[in-house]
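Visitor: The structure's right below; bear with me while I get my questions together.
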Amino acid sequence: MMKSSPRIFVCLFFVLSPLFLLAQPQGEHIILKNVRLLDGVSNEIKTGLTVIIKNGQITEIGEGDRQASSKATVVDLQNYYLLPGLIDAHAHVDNLDNARRALAYGTTTLRSASVGSYADVALQQLVASGKIAGPEVIPAGVFVQPDLGGSILADPRLAELYGGAETEEALRRLVQINIENGVKVIKTRSAERAGTPDTDPRKQVYSEEQLGIIVDEAKKSGIPVMAHAHGSVAPAVRAGVRSIEHGTYASRATLELMKEQNTYLVPTYSTVIDLTEPGGDYDHPVTTIRGKHMLPQMQEMLRQAMDVGVDIVASTDSGYGPESVNRVSTEVVNFTKLGMDPFTAIQSATITAAELLQISERTGSVEVGKEADLIVVFDNPLEDIRSIQDVIMVISNGKIVHNRLPFEAP
Ligand SMILES: [Zn+2]
């Protein structure tokens with residue numbers, strides 16, 4: 001039986017391949033003319049370009065006009081600025097309305113930081129099938145933490161972990177169940193939450209050894225781990241996680257270790273600002289007071305991280321609900337206020353983020369052969385970074401999903 005299976009596979013492939021081709025999402029043929037381009041790789045604006053998109057991919061970038069076939073949609077960008085679509089490296093989107101909201105603000109890709117169910121896996125598959133244009137989701141599924149809370153209902157097999165996921169066996173099982181459900185990243189925690197009144201964000205939750213078990217189990221399937229850690233950052237770094245989420249209380253020595261090990265930092269800085277202000281995703285008197293203590297810590301840590309040269313990635317830590325105030329562009333602008341130069345800040349939400357998500361060979365910059373994940377803004381973002389907060393066009397996987405052109409600049 002085993003010996004004949006490769007041949008069966010080959011036969012099935014040839015029989016089924018036309019069906020696969022039919023199932024491919026048929027993208028539009030779009031010609032963008034009068035483009036000013038910031039491709040996200042080079043720190044210079046190129047002008048007078050035409051960008052051609054076919055079947056979801058950028059097929060040509062060149063100077064001057066192109067002959068348009070009758071099937072092509074021609075869009076005059078009026079010499080506004082074309083940039084890579086934004087990547088949100090830490091979000092909690094679990095429904096279609098919020099996914100649409102994220103997309104309208106230029107988030108063409110997002111890495112889920114757990115949603116309490118496998119709604120992020122379903123969202124990923126909906127996008128991959130071409131039924132909706134995005135954002136593309138890197139799903140995390142259920143948070144790997146001692147108390148699964150309401151997520152115990154996400155999969156019937158999780159019931160065996162009721163009462164706490166602490167032992168090696170339980171941790172490996174939880175990671176496996178997530179992977180069997182189709183997650184592409186594992187989210188765990190080194191320390192407690194900041195956004196709830198009864199938790200201490202510096203209190204360690206999993207030991208370095210437990211975190212090491214989680215990293216090891218995920219690695220067997222080639223899956224990276226992201227660790228929530230305001231405090232207790234060093235144990236997570238030493239355990240080999242791919243990114244530290246928050247990092248508020250990281251010491252300089254820990255930041256240097258992160259630089260050495262190529263551990264990314266996803267600070268969710270704007271969320272800590274959100275903690276200190278009424279409304280938004282986090283709104284409670286206790287977290288407001290806590291935020292006021294955390295914010296200067298986070299700012300100092302970020303300045304040190306920039307000084308050390310840690311790769312910093314933008315995110316929202318938001319569900320993109322109707323009350324949410326954070327956008328990826330907010331985080332980018334806030335990074336520049338701490339001294340990051342505008343180009344590096346844009347890269348923190350584009351190519352650097354794509355490298356963290358291990359998808360930089362197909363998105364994160366505007367280059368021929370890459371997916372057409374693009375935004376248009378009205379002003380030069382290298383001169384005024386705030387312009388990326390006002391996205392006038394969004395193209396995701398080669399489909400125009402948001403379009404305010406023709407546009408009159410203020
Ligand atoms: Zn989060």
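As shown in the structure tokens, the chain order sets the letters A, B, ...; within each chain, residues go from 1, and ligands are also counted from 1 in the order they appear.
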Within 7 Å of ligand 1, counting only C-alpha atoms and all ligand atoms: which residues, as a PDB file with C-alpha atoms, in the first residue's frame?
Guide:
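part.pdb, written as the output of this step:
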```pdb
ATOM      1  CA  HIS A  90      -0.394  41.742  16.785  1.00  0.00           C
ATOM      2  CA  ALA A  91      -4.176  41.951  16.442  1.00  0.00           C
ATOM      3  CA  HIS A  92      -7.236  40.141  17.793  1.00  0.00           C
ATOM      4  CA  ALA A 113      -2.342  37.237  18.721  1.00  0.00           C
ATOM      5  CA  ASP A 317      -3.136  44.905  19.804  1.00  0.00           C
TER       6      ASP A 317
END
```
Visitor: Quick one: residues within 10 Å of Arg157 (chain A), only C-alpha atoms, excluding same-chain residues fewer than 4 positions away - as a CSV table (one decimal) with C-alpha atoms, in the first residue's frame?
Guide:
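Written file, part_7.csv:
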```csv
chain,number,residue,atom,x,y,z
A,152,ILE,CA,-11.8,25.8,26.6
A,153,LEU,CA,-14.9,25.5,24.3
A,161,LEU,CA,-6.8,20.6,29.9
A,162,TYR,CA,-9.5,22.0,32.1
A,173,ARG,CA,-1.0,18.8,23.9
A,174,LEU,CA,-2.3,22.3,23.8
A,177,ILE,CA,-4.4,20.9,19.2
```
Visitor: Near region 197-200 of chain A, within 6 Å and counting only C-alpha atoms, which residues show up once chain neighbours fewer than 3 positions away are dropped, as a list in words?
Guide: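 So the residues in contact are Glu192, Arg193, Lys203, Val286 and Thr287 of chain A.
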Visitor: Grab the CA of Val241 (chain A) to CA of Ile138 (chain A) distance for me, in Å with one decimal place.
Guide: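 CA of Ile138 (chain A) lies at a distance of 16.3 Å from CA of Val241 (chain A).
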Visitor: Just list the residues in region 304-386 of chain A DSSP gives helix (DSSP H, G or I) on the backbone, as a PyMOL selection string.
Guide: chain A and resi 304-308+328-337+342-348+351-356+385-386
Visitor: One decimal, in Å: what's the spacing between CA of Thr108 (chain A) and CA of Asp341 (chain A)?
Guide: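 We find that CA of Thr108 (chain A) and CA of Asp341 (chain A) lie 22.9 Å from each other.
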